[in-house]
Structure formats: structure tokens, C-alpha cells
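Shown below: input11.txt, with compact mmCIF, C-alpha atoms.
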```txt
# COMPACT_ATOMS: atom_id res chain seq x y z
CA MET A 1 -11.50 44.54 81.62
CA VAL A 2 -13.52 41.51 80.55
CA PHE A 3 -15.29 43.26 77.68
CA ASN A 4 -13.28 43.84 74.58
CA THR A 5 -13.27 46.98 72.54
CA GLY A 6 -14.33 46.48 68.94
CA ALA A 7 -13.22 48.59 66.03
CA ALA A 8 -16.32 50.83 66.01
CA LEU A 9 -16.07 51.50 69.73
CA LEU A 10 -12.37 52.26 69.39
CA ASP A 11 -13.16 54.73 66.61
CA ALA A 12 -15.81 56.31 68.80
CA ILE A 13 -13.42 56.62 71.76
CA VAL A 14 -10.66 58.14 69.62
CA LEU A 15 -13.11 60.64 68.09
CA ALA A 16 -14.39 61.53 71.55
CA VAL A 17 -10.87 62.01 72.90
CA VAL A 18 -9.86 64.22 69.97
CA SER A 19 -13.07 66.26 70.26
CA LYS A 20 -12.21 67.22 73.87
CA ASP A 21 -9.53 69.59 72.62
CA GLU A 22 -10.99 72.44 70.64
CA GLU A 23 -7.56 73.30 69.24
CA GLY A 24 -6.81 69.72 68.29
CA THR A 25 -4.48 67.25 69.93
CA TYR A 26 -1.47 65.13 69.02
CA GLY A 27 -0.64 61.45 68.82
CA TYR A 28 1.12 60.95 72.13
CA LYS A 29 -1.57 62.79 74.09
CA ILE A 30 -4.37 60.94 72.28
CA THR A 31 -2.75 57.65 73.24
CA GLN A 32 -2.42 58.66 76.89
CA ASP A 33 -6.02 59.89 77.01
CA VAL A 34 -7.45 56.80 75.34
CA ARG A 35 -5.50 54.66 77.79
CA ARG A 36 -7.09 56.43 80.70
CA THR A 37 -10.40 55.00 79.51
CA ILE A 38 -9.58 51.62 78.01
CA GLU A 39 -6.66 49.25 77.81
CA VAL A 40 -5.34 49.30 74.29
CA SER A 41 -1.95 48.60 72.79
CA GLU A 42 -0.29 51.58 71.18
CA SER A 43 0.25 49.77 67.92
CA THR A 44 -3.52 49.72 67.28
CA LEU A 45 -3.96 53.47 67.68
CA TYR A 46 -1.86 54.84 64.84
CA PRO A 47 -3.76 52.84 62.16
CA VAL A 48 -7.04 54.08 63.67
CA LEU A 49 -5.92 57.72 63.49
CA ARG A 50 -4.65 57.25 59.96
CA ARG A 51 -7.87 55.66 58.80
CA LEU A 52 -10.09 58.25 60.46
CA GLN A 53 -7.98 60.83 58.68
CA LYS A 54 -8.49 59.11 55.33
CA ASP A 55 -12.22 58.79 55.98
CA ASP A 56 -12.34 62.56 56.45
CA CYS A 57 -13.35 62.28 60.08
CA LEU A 58 -10.08 63.83 61.24
CA GLN A 59 -8.04 66.61 59.74
CA VAL A 60 -4.38 67.10 60.49
CA TYR A 61 -2.25 70.20 60.65
CA ASP A 62 1.28 70.90 61.77
CA ARG A 63 2.11 73.45 64.40
CA GLU A 64 5.51 74.58 65.58
CA CYS A 65 6.24 73.29 69.07
CA GLY A 66 9.61 73.42 70.80
CA GLY A 67 11.61 73.88 67.62
CA ARG A 68 9.87 71.20 65.61
CA ASN A 69 6.56 70.60 63.89
CA ARG A 70 3.99 68.69 65.85
CA ARG A 71 1.11 67.09 64.00
CA TYR A 72 -2.28 67.92 65.44
CA TYR A 73 -5.52 66.05 64.89
CA LYS A 74 -8.87 67.75 64.86
CA LEU A 75 -12.42 66.61 64.13
CA THR A 76 -13.96 67.54 60.79
CA SER A 77 -17.68 68.18 60.51
CA ALA A 78 -18.05 64.63 59.19
CA GLY A 79 -16.11 63.44 62.24
CA GLU A 80 -18.42 65.35 64.55
CA ALA A 81 -21.48 63.83 62.86
CA GLN A 82 -19.93 60.40 63.17
CA LEU A 83 -19.20 60.97 66.85
CA ARG A 84 -22.82 62.05 67.48
CA LEU A 85 -24.00 58.92 65.78
CA TYR A 86 -21.71 56.72 67.87
CA SER A 87 -22.74 58.53 70.99
CA ASP A 88 -26.47 58.04 70.31
CA GLU A 89 -25.93 54.41 69.42
CA TRP A 90 -23.95 53.89 72.59
CA LYS A 91 -26.66 55.46 74.75
CA SER A 92 -29.36 53.18 73.41
CA TYR A 93 -27.09 50.15 73.50
CA SER A 94 -25.86 50.70 77.05
CA ARG A 95 -29.37 51.61 78.29
CA LYS A 96 -30.69 48.29 77.05
CA ILE A 97 -27.85 46.31 78.56
CA SER A 98 -28.10 48.20 81.85
CA ALA A 99 -31.87 47.65 81.94
CA LEU A 100 -31.37 43.98 81.35
CA PHE A 101 -28.84 43.71 84.18
CA SER A 102 -30.94 45.67 86.63
CA GLY A 103 -34.10 43.79 85.73
CA GLU A 104 -35.99 46.89 84.67
CA GLU A 105 -38.43 46.76 81.78
CA LEU A 106 -37.71 49.15 78.97
CA ALA A 107 -40.67 51.31 78.07
CA MET B 1 16.96 48.88 72.30
CA ASN B 2 16.86 52.65 72.22
CA ARG B 3 14.73 55.12 70.33
CA ASP B 4 16.97 55.37 67.27
CA LEU B 5 17.33 51.64 66.85
CA PHE B 6 13.59 51.21 67.33
CA LEU B 7 12.79 53.75 64.62
CA PHE B 8 15.46 52.36 62.32
CA LYS B 9 14.04 48.85 62.62
CA LEU B 10 10.51 50.11 62.11
CA GLU B 11 11.51 51.90 58.92
CA GLN B 12 13.18 48.75 57.64
CA LEU B 13 10.08 46.68 58.37
CA LEU B 14 7.89 49.20 56.55
CA TYR B 15 10.02 49.12 53.44
CA ASP B 16 7.40 47.21 51.43
CA ILE B 17 4.54 49.66 51.91
CA PRO B 18 4.01 52.79 49.77
CA LYS B 19 6.51 55.53 50.56
CA GLU B 20 3.80 57.99 51.51
CA GLU B 21 2.44 55.61 54.14
CA ARG B 22 5.92 54.85 55.45
CA ASP B 23 6.86 58.52 55.80
CA GLU B 24 3.57 59.25 57.52
CA ALA B 25 4.06 56.43 60.04
CA MET B 26 7.70 57.35 60.67
CA ASP B 27 6.73 60.99 61.29
CA TYR B 28 4.08 59.86 63.72
CA TYR B 29 6.36 57.65 65.78
CA ARG B 30 9.25 60.10 65.72
CA GLY B 31 6.85 62.73 67.02
CA TYR B 32 5.56 60.25 69.55
CA PHE B 33 9.02 59.80 71.05
CA ASP B 34 9.65 63.55 70.95
CA ASP B 35 6.39 64.29 72.75
CA ALA B 36 7.01 61.63 75.37
CA GLY B 37 10.39 63.23 76.10
CA ALA B 38 13.76 61.62 76.62
CA GLU B 39 12.96 60.92 80.28
CA ASN B 40 10.06 58.65 79.26
CA GLU B 41 11.93 56.85 76.50
CA ALA B 42 12.15 53.56 78.40
CA VAL B 43 8.42 53.64 79.24
CA VAL B 44 7.48 54.46 75.66
CA LEU B 45 9.66 51.66 74.32
CA GLU B 46 7.84 49.32 76.69
CA GLU B 47 4.42 50.59 75.61
CA LEU B 48 5.19 50.39 71.92
CA GLU B 49 6.02 46.67 72.32
CA SER B 50 8.21 46.10 69.26
CA PRO B 51 8.83 47.54 65.79
CA GLN B 52 7.42 44.26 64.48
CA ALA B 53 4.12 44.71 66.33
CA ILE B 54 3.72 48.24 64.98
CA ALA B 55 4.69 47.29 61.43
CA ASP B 56 2.27 44.35 61.53
CA SER B 57 -0.66 46.48 62.62
CA ILE B 58 0.11 49.15 59.99
CA LYS B 59 0.34 46.54 57.25
CA GLU B 60 -2.78 44.78 58.48
CA ALA B 61 -4.65 48.08 58.28
CA LEU B 62 -3.35 48.69 54.75
CA ARG B 63 -4.22 45.15 53.67
CA SER B 64 -7.82 45.52 54.74
CA THR B 65 -7.76 48.62 52.47
CA GLY B 66 -8.45 50.99 55.29
CA ASP B 67 -11.56 49.08 56.09
CA MET B 68 -11.12 47.80 59.61
CA SER B 69 -13.95 49.54 61.31
CA GLY B 70 -17.57 48.48 61.50
CA GLY B 71 -19.06 51.91 61.51
CA LEU B 72 -16.93 54.10 59.35
CA LYS B 73 -17.18 52.46 55.99
CA ASN B 74 -19.86 54.92 55.01
CA PRO B 75 -19.35 58.44 56.16
CA PRO B 76 -22.55 59.91 57.64
CA GLN B 77 -23.21 62.35 54.85
CA VAL B 78 -23.35 59.58 52.25
CA ARG B 79 -26.49 57.84 53.48
CA ASP B 80 -29.69 59.00 55.07
CA GLY B 81 -29.92 58.67 58.84
CA ARG B 82 -32.26 55.70 59.11
CA GLU B 83 -30.35 53.48 56.77
CA GLN B 84 -27.11 54.35 58.40
CA SER B 85 -28.19 53.64 61.92
CA ALA B 86 -29.37 50.21 60.76
CA GLY B 87 -25.88 49.70 59.37
CA GLN B 88 -24.41 50.88 62.62
CA ARG B 89 -26.54 48.45 64.59
CA ARG B 90 -25.29 45.60 62.51
CA GLY B 91 -21.77 46.77 63.12
CA TYR B 92 -22.30 46.88 66.86
CA LYS B 93 -23.92 43.47 66.91
CA SER B 94 -20.92 41.92 65.25
CA ILE B 95 -18.44 43.77 67.38
CA PHE B 96 -19.99 42.91 70.70
CA SER B 97 -20.88 39.33 69.89
CA GLY B 98 -18.83 36.31 70.77
CA SER B 99 -16.65 37.59 73.57
CA ASP B 100 -14.64 34.83 75.11
CA PHE B 101 -13.63 35.68 78.63
CA GLN B 102 -11.08 32.93 78.94
CA LYS B 103 -8.81 34.40 76.31
CA SER B 104 -6.31 37.05 77.23
CA GLU B 105 -7.33 40.64 76.75
CA GLN B 106 -5.18 41.06 73.67
CA LYS B 107 -6.36 37.83 72.06
CA GLN B 108 -9.97 38.73 72.69
CA TYR B 109 -9.46 42.03 71.05
CA GLN B 110 -7.97 40.53 67.93
CA GLY B 111 -10.42 37.65 67.81
CA THR B 112 -13.48 39.81 67.98
CA ASP B 113 -11.99 42.14 65.49
CA THR B 114 -11.77 39.35 62.93
CA ALA B 115 -15.22 38.04 63.77
CA GLY B 116 -16.58 41.52 63.17
CA GLU B 117 -14.82 41.68 59.86
CA ASP B 118 -16.37 38.41 58.72
CA GLU B 119 -19.88 39.46 59.59
CA ARG B 120 -19.41 42.75 57.89
CA THR B 121 -18.78 41.22 54.48
CA GLY B 122 -22.49 41.63 53.68
CA GLU B 123 -22.35 45.31 54.35
CA GLN B 124 -19.15 45.59 52.47
CA LYS B 125 -20.98 45.19 49.16
CA GLU B 126 -22.75 48.49 49.72
CA ALA B 127 -19.49 50.15 50.57
CA GLN B 128 -17.43 48.58 47.83
CA GLY B 129 -17.23 51.79 45.83
CA ALA B 130 -15.81 53.65 48.78
CA ALA B 131 -13.50 50.77 49.62
CA TYR B 132 -12.08 50.72 46.11
CA ARG B 133 -11.47 54.43 46.19
CA ARG B 134 -9.65 53.96 49.42
CA TYR B 135 -7.61 51.15 47.92
CA ASP B 136 -6.48 53.59 45.23
CA GLN B 137 -5.42 55.99 47.93
CA TYR B 138 -3.26 53.35 49.43
CA GLY B 139 -1.36 53.05 46.20
CA GLY B 140 -2.23 49.40 45.67
CA ALA B 141 -0.58 47.50 42.87
CA ALA B 142 0.22 50.58 40.77
CA SER B 143 2.78 51.92 43.17
CA GLY B 144 4.28 48.44 43.38
CA ARG B 145 4.86 48.54 39.63
CA ARG B 146 6.32 52.01 39.85
CA ALA B 147 8.74 50.85 42.51
CA PHE B 148 9.72 47.89 40.35
CA SER B 149 10.45 49.95 37.23
CA SER B 150 12.46 52.55 39.14
CA ASP B 151 14.39 49.68 40.67
CA ARG B 152 15.20 48.38 37.18
CA SER B 153 16.34 51.72 35.81
CA ALA B 154 18.50 52.22 38.89
CA LYS B 155 20.21 48.93 38.10
CA TRP B 156 20.74 49.97 34.49
CA ILE B 157 22.33 53.23 35.57
CA LEU B 158 24.58 51.29 37.93
CA PHE B 159 25.53 48.97 35.07
CA VAL B 160 26.45 51.86 32.77
CA ILE B 161 28.55 53.53 35.49
CA LEU B 162 30.29 50.24 36.13
CA ALA B 163 30.93 49.81 32.40
CA VAL B 164 32.48 53.27 32.14
CA PHE B 165 34.71 52.75 35.14
CA THR B 166 35.91 49.35 34.02
CA SER B 167 36.45 50.54 30.43
CA PRO B 168 40.31 50.42 30.71
CA ILE B 169 40.05 46.70 31.43
CA TRP B 170 37.47 45.59 28.92
CA GLY B 171 38.67 48.22 26.39
CA THR B 172 42.12 46.62 26.32
CA ALA B 173 40.63 43.15 26.06
CA LEU B 174 38.34 44.31 23.26
CA SER B 175 41.17 45.92 21.25
CA GLY B 176 43.26 42.77 21.75
CA VAL B 177 40.48 40.63 20.38
CA LEU B 178 39.89 43.01 17.46
CA GLY B 179 43.66 42.97 16.78
CA VAL B 180 43.75 39.19 16.59
CA ALA B 181 40.72 39.23 14.29
CA GLY B 182 42.40 41.86 12.10
CA VAL B 183 45.60 39.82 11.80
CA VAL B 184 43.64 36.71 10.85
CA ILE B 185 41.60 38.58 8.25
CA ALA B 186 44.76 40.22 6.82
CA ALA B 187 46.44 36.80 6.61
CA VAL B 188 43.44 35.47 4.72
CA VAL B 189 43.56 38.35 2.25
CA VAL B 190 47.33 38.05 1.76
CA LEU B 191 47.15 34.29 1.25
CA ALA B 192 44.24 34.65 -1.18
CA VAL B 193 46.08 37.25 -3.25
CA CYS B 194 49.26 35.19 -3.03
CA SER B 195 47.68 31.97 -4.14
CA VAL B 196 45.78 33.55 -7.02
CA GLY B 197 48.83 35.58 -8.09
CA CYS B 198 51.17 32.57 -7.93
CA ALA B 199 48.75 30.35 -9.79
CA VAL B 200 48.16 32.90 -12.55
CA GLY B 201 51.87 33.76 -12.75
CA GLY B 202 52.84 30.07 -12.78
CA ILE B 203 50.40 29.24 -15.55
CA VAL B 204 51.55 32.25 -17.63
CA CYS B 205 55.20 31.28 -17.10
CA THR B 206 54.52 27.67 -17.99
CA ILE B 207 52.68 28.66 -21.22
CA ALA B 208 55.52 31.07 -22.11
CA ALA B 209 58.05 28.28 -21.40
CA ILE B 210 56.19 25.88 -23.69
CA VAL B 211 56.17 28.57 -26.43
CA ARG B 212 59.95 29.13 -25.92
CA LEU B 213 60.64 25.36 -26.04
CA CYS B 214 58.64 25.11 -29.24
CA THR B 215 60.75 27.91 -30.77
CA LEU B 216 63.85 25.94 -29.61
CA ALA B 217 64.96 28.59 -27.06
CA VAL B 218 65.86 25.70 -24.73
CA VAL B 219 67.73 27.53 -21.94
CA SER B 220 65.26 30.35 -21.37
CA GLY B 221 62.42 27.92 -21.96
CA LEU B 222 63.60 25.57 -19.21
CA LEU B 223 64.23 28.53 -16.92
CA LEU B 224 60.71 29.81 -17.47
CA LEU B 225 59.26 26.33 -17.05
CA GLY B 226 61.05 25.98 -13.70
CA THR B 227 59.84 29.37 -12.57
CA GLY B 228 56.29 28.54 -13.67
CA MET B 229 56.31 25.20 -11.84
CA PHE B 230 57.74 26.91 -8.76
CA LEU B 231 55.03 29.58 -8.83
CA ILE B 232 52.27 26.99 -9.29
CA ALA B 233 53.64 25.05 -6.34
CA GLY B 234 53.73 28.29 -4.27
CA GLY B 235 50.15 29.04 -5.30
CA GLY B 236 49.13 25.54 -4.29
CA ILE B 237 50.78 25.86 -0.89
CA SER B 238 49.10 29.26 -0.37
CA MET B 239 45.77 27.74 -1.39
CA VAL B 240 46.17 24.92 1.11
CA LEU B 241 47.11 27.38 3.85
CA LEU B 242 44.15 29.58 2.93
CA LEU B 243 41.73 26.69 3.04
CA LEU B 244 43.19 25.64 6.38
CA LEU B 245 42.79 29.16 7.69
CA CYS B 246 39.25 29.61 6.41
CA GLY B 247 38.14 26.13 7.39
CA LYS B 248 39.66 25.93 10.85
CA LEU B 249 41.30 29.04 12.22
CA LEU B 250 38.70 31.58 11.10
CA PRO B 251 35.63 29.84 12.55
CA TRP B 252 37.62 29.20 15.73
CA THR B 253 38.44 32.93 16.01
CA PHE B 254 34.85 33.95 15.44
CA ARG B 255 33.68 31.36 17.95
CA MET B 256 36.09 32.76 20.51
CA ILE B 257 35.00 36.34 19.85
CA SER B 258 31.30 35.58 19.97
CA ALA B 259 31.80 33.53 23.12
CA LEU B 260 33.60 36.45 24.72
CA PHE B 261 30.85 38.90 23.76
CA GLY B 262 28.24 36.43 24.91
CA ARG B 263 29.91 36.24 28.30
CA ILE B 264 30.09 40.04 28.57
CA LEU B 265 26.41 40.33 27.67
CA GLN B 266 25.46 37.59 30.07
CA TRP B 267 27.44 39.25 32.84
CA GLY B 268 25.71 42.50 31.98
CA ARG B 269 22.29 40.87 32.18
CA SER B 270 22.99 39.19 35.48
CA ALA B 271 24.33 42.47 36.86
CA VAL B 272 21.10 44.12 35.75
```
Since I need it in another form, could you write the structure as C-alpha cells?
Amino acid sequence: MVFNTGAALLDAIVLAVVSKDEEGTYGYKITQDVRRTIEVSESTLYPVLRRLQKDDCLQVYDRECGGRNRRYYKLTSAGEAQLRLYSDEWKSYSRKISALFSGEELA
Amino acid sequence: MNRDLFLFKLEQLLYDIPKEERDEAMDYYRGYFDDAGAENEAVVLEELESPQAIADSIKEALRSTGDMSGGLKNPPQVRDGREQSAGQRRGYKSIFSGSDFQKSEQKQYQGTDTAGEDERTGEQKEAQGAAYRRYDQYGGAASGRRAFSSDRSAKWILFVILAVFTSPIWGTALSGVLGVAGVVIAAVVVLAVCSVGCAVGGIVCTIAAIVRLCTLAVVSGLLLLGTGMFLIAGGGISMVLLLLLCGKLLPWTFRMISALFGRILQWGRSAV
């Protein structure tokens, strides 16, 4: 892809990916899901998850899985609000860019 | 490289970050390998690049005090909606500006990331409070000091254990040194008593001899005179020996002892 993914967009994508699973999801799956959408090196994802956790956008909990504890990530209410904000911002941003490319005038 | 070596190297590289952060990261990556499954180990190792790359990105995130994102410095509930979306717009502007298509994907990503960070410094002032709080969470300098002091006490404990275990060696040396010092001090005392005793005895004998000679008891007088002279000479010799001992041998002994203790102390300090 020619466009690069900035930190805010990466946050938004990670929040969106985590929000898909009502029950929460875990690190390996998050990485695979994010990679289905954008190219990103794994080493950048752990710090993002950790920071979102510290910013109270993600909560973590451990659940027994195959004889060991797996750490699950889930959106907090603050995380949901943040995701809505990103989503709205993205809509207006992409609409403007798309309009510019297609030559339409924005109302 | 296999999974275990990868994790081992990562843990080593993370040794200089707070323990809590290290444990958290190690748990994450251990779980990551577990979830990928043994059959995907080679693929995962490929995807994860290198322990160095992961350690670098974790440390970079910690260095920027958890403040790498444009949007998330201020959680939504902190500000009212209008203000925040203005902040968000600024964040987006910086993040999407200045893309350079000629650079590789990875480079672009990093480059824009830094550019975004620079432009955000204005906003950062508003968020400084939050950023500082976050810095505290990361442990910051305080945990560094804690680590240092625990390191020091560990060394002290090691030193004490070492001292106990080597006590047969330095105990013998110490008693030897104390023995030598004792002998020297005893010699000084003996010589002092000797010289004073001889001198006093010699003088008394000589006076008695003079009295005898005056009363014309020639034989016993001469005998006493000889004895007196002999005692005075003995006292003199003792005195000379004593002065020699005090002037030369004693300071030399003390110098040796203090030098020895100095070396032990110095060794102790360098071990600690």
C-alpha cells in the first residue's frame, strides 16, 4: 500500500478489530485480523495494545484455554467512545478525499 | 533460532526496563507463540522479525512515555466533544501529511510517525498532566533507583557470605598478625621493665658500694660496685634495644598491619 498508517489510524484499527469480538480477543488473533486489513509489523502491535490498555481504552482479563491462561482484550466504555470518535472522523476525512478524487463538490 | 532462544534473547534485551513491563511483554509473546501453535513456529518467527526489533519498539514506546498516538492523549471523557474533535483533526493532519512514496513501506511508517510526533508537541502541553501521570506508571527514574539500591545490597550480602566462607584463611592470617604484634608489644614491655629495673638496681648498688668503700669494707664494696656497674650497663643495653624497637620495629609492624587491613578493606570495597 502506498499510504502509510499513522499512530491514530493504527489505534482506530486495533480498537475496531477488538470490538468485533463481544467476548474479547487475544494478541495473536488481533495481529492476524489487523494484518488482514493493513500491512503492519508485529513489533508495532504489542506497544499499541499495551498503551491502549494503559489509556483505559482496553481492559484485559485472563481465561483458561487449553491448560494455560490466555490474556483477552476487550473494549472499555472509554474505548468504545474513542472508537466512535475515530470512526466519525474517518468518515468525514475519507468522504472529503473521495469527493476530491471523484471531482464532486461537497455540499 | 527457535521459540525458546527467541524469548530468551528478548528477555535479555528487555532487562533495562521496569520488571512489570518486562513480565507483561514476555507473557504476551509467550502467549503469542502458544496461540500460533508449534506448527506455525517458523512463520511466527519470521513475522516477529527479531528480538531486537521487538525490544526496540517496546523501549521506544516506553521512552515516549506511552504517548505515541495522535488521538489518544486525552481520553474522550476528559474534554468536551467539540474541543476534542479539533484535537483529533490536528492529529489526523499531522499523521496523513508528508507521505513519501519513494520510501519503503516500513520507512514511511516510521518517518510519518516521527513527523506526527513533532507536530503534536503543541498539543502535548494540554496533555502534559496526563503524560506525567503515565510516566509515573511506567516507573520512570524511581524504579531505576530502586533497582540500583537492591543491586548494592545484593552485593553486600554476597560480600558477607564470601567473608564467612573465607574466614579460615583470613582468620589465620589475622591471628598471625595479632600474634606478631603481641610479641613485639611484650618485648617492648619486658625491655622497658628490664632497663628501668637494671638502671635503678645499678644505681642503688653503686651508691651502696660507695658507702661500703667509705666504711673501708673494701671487698664487699668492690663486689657491689662491680655488680652496680654491670646492672647499669645492662640497663643501658636494654634502653638502647628499647629505643631501637620503639623507633624502628614498632612503627614498621604497625605500618605492615595497617597496610594489610587497608588491602582487605580495599578488596572488600572493590568486591562491593
| message | Taking all atoms listed in the file into account, find every residue of chain A that has an atom no more than 7 Å from chain B, and write it out as JSON, numbers by chain. | response | {"A": [2, 4, 5, 6, 7, 8, 27, 28, 42, 43, 44, 47, 51, 70, 78, 81, 82]}
| Between atom CA of A:Thr31 and atom CA of A:Val17 - distance in Å to one decimal | 9.2 Å
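One finds atom CA of B:Leu242 at 5.8 Å from atom CA of B:Leu191.
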| query | Which distance in Å separates atom CA of B:Leu216 and atom CA of B:Gly201, to one decimal? | reply | 22.1 Å
| query | Pick the closest to A:Lys20 from A:Tyr46, A:Leu83, A:Cys65, A:Ser41: which is it, counting all atoms listed in the file? | reply | A:Leu83
| query | Taking into account only C-alpha atoms, which residue in the set A:Ser19, A:Ile97, A:Ser77, A:Gly67 is nearest to A:Asp55? | reply |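 Of all the options, A:Ser77 lies closest to A:Asp55.
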Around the point (-6.2, 72.0, 67.4) in the file's coordinates, collect all residues with an atom within 9 Å, using all atoms listed in the file, and return them as a PDB file with C-alpha atoms, keeping the file's coordinate frame.
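Written out: out.pdb:
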```
ATOM      1  CA  VAL A  18      -9.860  64.220  69.970  1.00  0.00           C
ATOM      2  CA  ASP A  21      -9.530  69.590  72.620  1.00  0.00           C
ATOM      3  CA  GLU A  22     -10.990  72.440  70.640  1.00  0.00           C
ATOM      4  CA  GLU A  23      -7.560  73.300  69.240  1.00  0.00           C
ATOM      5  CA  GLY A  24      -6.810  69.720  68.290  1.00  0.00           C
ATOM      6  CA  THR A  25      -4.480  67.250  69.930  1.00  0.00           C
ATOM      7  CA  TYR A  26      -1.470  65.130  69.020  1.00  0.00           C
ATOM      8  CA  VAL A  60      -4.380  67.100  60.490  1.00  0.00           C
ATOM      9  CA  TYR A  61      -2.250  70.200  60.650  1.00  0.00           C
ATOM     10  CA  ARG A  63       2.110  73.450  64.400  1.00  0.00           C
ATOM     11  CA  TYR A  72      -2.280  67.920  65.440  1.00  0.00           C
ATOM     12  CA  TYR A  73      -5.520  66.050  64.890  1.00  0.00           C
ATOM     13  CA  LYS A  74      -8.870  67.750  64.860  1.00  0.00           C
ATOM     14  CA  LEU A  75     -12.420  66.610  64.130  1.00  0.00           C
TER      15      LEU A  75
END
```
| task | With a distance cut-off of 9 Å and all atoms listed in the file, select the neighbouring residues of B:Gly202, excluding the residue or stretch itself and same-chain residues fewer than 5 positions from it, and output the selection as a PyMOL selection string. | result | chain B and resi 197+207+225+227-235
| request: Compile the contact shell of B:Val177 as a list in words: residues with an atom at most 12 Å away, counting all atoms listed in the file, same-chain residues fewer than 2 positions apart removed. | output: Trp170, Gly171, Thr172, Ala173, Leu174, Ser175, Gly179, Val180, Ala181, Gly182, Val183, Val184, Thr253, Phe254, Arg255, Met256, Ile257, Ser258, Ala259, Leu260 and Phe261 of chain B
Could you write those residues out with C-alpha atoms, as a short mmCIF file (atom, residue, chain, number, x, y, z; two decimals), keeping the file's coordinate frame?
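Written output follows (result-v6.cif):
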```
data_model
loop_
_atom_site.label_atom_id
_atom_site.label_comp_id
_atom_site.auth_asym_id
_atom_site.auth_seq_id
_atom_site.Cartn_x
_atom_site.Cartn_y
_atom_site.Cartn_z
CA TRP B 170 37.47 45.59 28.92
CA GLY B 171 38.67 48.22 26.39
CA THR B 172 42.12 46.62 26.32
CA ALA B 173 40.63 43.15 26.06
CA LEU B 174 38.34 44.31 23.26
CA SER B 175 41.17 45.92 21.25
CA GLY B 179 43.66 42.97 16.78
CA VAL B 180 43.75 39.19 16.59
CA ALA B 181 40.72 39.23 14.29
CA GLY B 182 42.40 41.86 12.10
CA VAL B 183 45.60 39.82 11.80
CA VAL B 184 43.64 36.71 10.85
CA THR B 253 38.44 32.93 16.01
CA PHE B 254 34.85 33.95 15.44
CA ARG B 255 33.68 31.36 17.95
CA MET B 256 36.09 32.76 20.51
CA ILE B 257 35.00 36.34 19.85
CA SER B 258 31.30 35.58 19.97
CA ALA B 259 31.80 33.53 23.12
CA LEU B 260 33.60 36.45 24.72
CA PHE B 261 30.85 38.90 23.76
#
```
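Minimum atom-to-atom distances from B:Ala38, B:Leu14, B:Leu244, B:Ala192 to B:Asn2 were compared using all atoms listed in the file, and the lowest value belongs to B:Ala38.
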| Neighbours of point (-6.7, 57.0, 67.1) within 7 Å, using all atoms listed in the file, written as a list in words |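 Residues satisfying the cut-off, written out: Asp11, Val14, Ile30, Leu45, Tyr46, Val48 and Leu49 of chain A.
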Kindly complete stretch 22-35 of chain A to N, CA and C atoms; the output should be written as a compact mmCIF listing (two decimals), in the frame of the given file.
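In the end it all went to rebuild_9.txt:
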```txt
# COMPACT_ATOMS: atom_id res chain seq x y z
N GLU A 22 -10.49 71.58 71.71
CA GLU A 22 -10.99 72.44 70.64
C GLU A 22 -9.89 72.72 69.60
N GLU A 23 -8.69 72.91 70.10
CA GLU A 23 -7.56 73.30 69.24
C GLU A 23 -6.97 72.11 68.49
N GLY A 24 -7.41 70.92 68.85
CA GLY A 24 -6.81 69.72 68.29
C GLY A 24 -5.79 69.16 69.26
N THR A 25 -5.41 67.91 69.03
CA THR A 25 -4.48 67.25 69.93
C THR A 25 -3.53 66.37 69.14
N TYR A 26 -2.51 65.85 69.78
CA TYR A 26 -1.47 65.13 69.02
C TYR A 26 -1.35 63.67 69.48
N GLY A 27 -0.67 62.90 68.67
CA GLY A 27 -0.64 61.45 68.82
C GLY A 27 -0.33 60.93 70.21
N TYR A 28 0.71 61.46 70.82
CA TYR A 28 1.12 60.95 72.13
C TYR A 28 0.03 61.22 73.17
N LYS A 29 -0.54 62.42 73.11
CA LYS A 29 -1.57 62.79 74.09
C LYS A 29 -2.84 61.95 73.86
N ILE A 30 -3.19 61.75 72.59
CA ILE A 30 -4.37 60.94 72.28
C ILE A 30 -4.21 59.55 72.90
N THR A 31 -3.01 58.99 72.70
CA THR A 31 -2.75 57.65 73.24
C THR A 31 -2.90 57.62 74.76
N GLN A 32 -2.32 58.61 75.42
CA GLN A 32 -2.42 58.66 76.89
C GLN A 32 -3.88 58.80 77.33
N ASP A 33 -4.63 59.66 76.63
CA ASP A 33 -6.02 59.89 77.01
C ASP A 33 -6.88 58.66 76.76
N VAL A 34 -6.66 58.01 75.63
CA VAL A 34 -7.45 56.80 75.34
C VAL A 34 -7.15 55.74 76.40
N ARG A 35 -5.90 55.67 76.81
CA ARG A 35 -5.50 54.66 77.79
C ARG A 35 -6.05 54.93 79.18
```
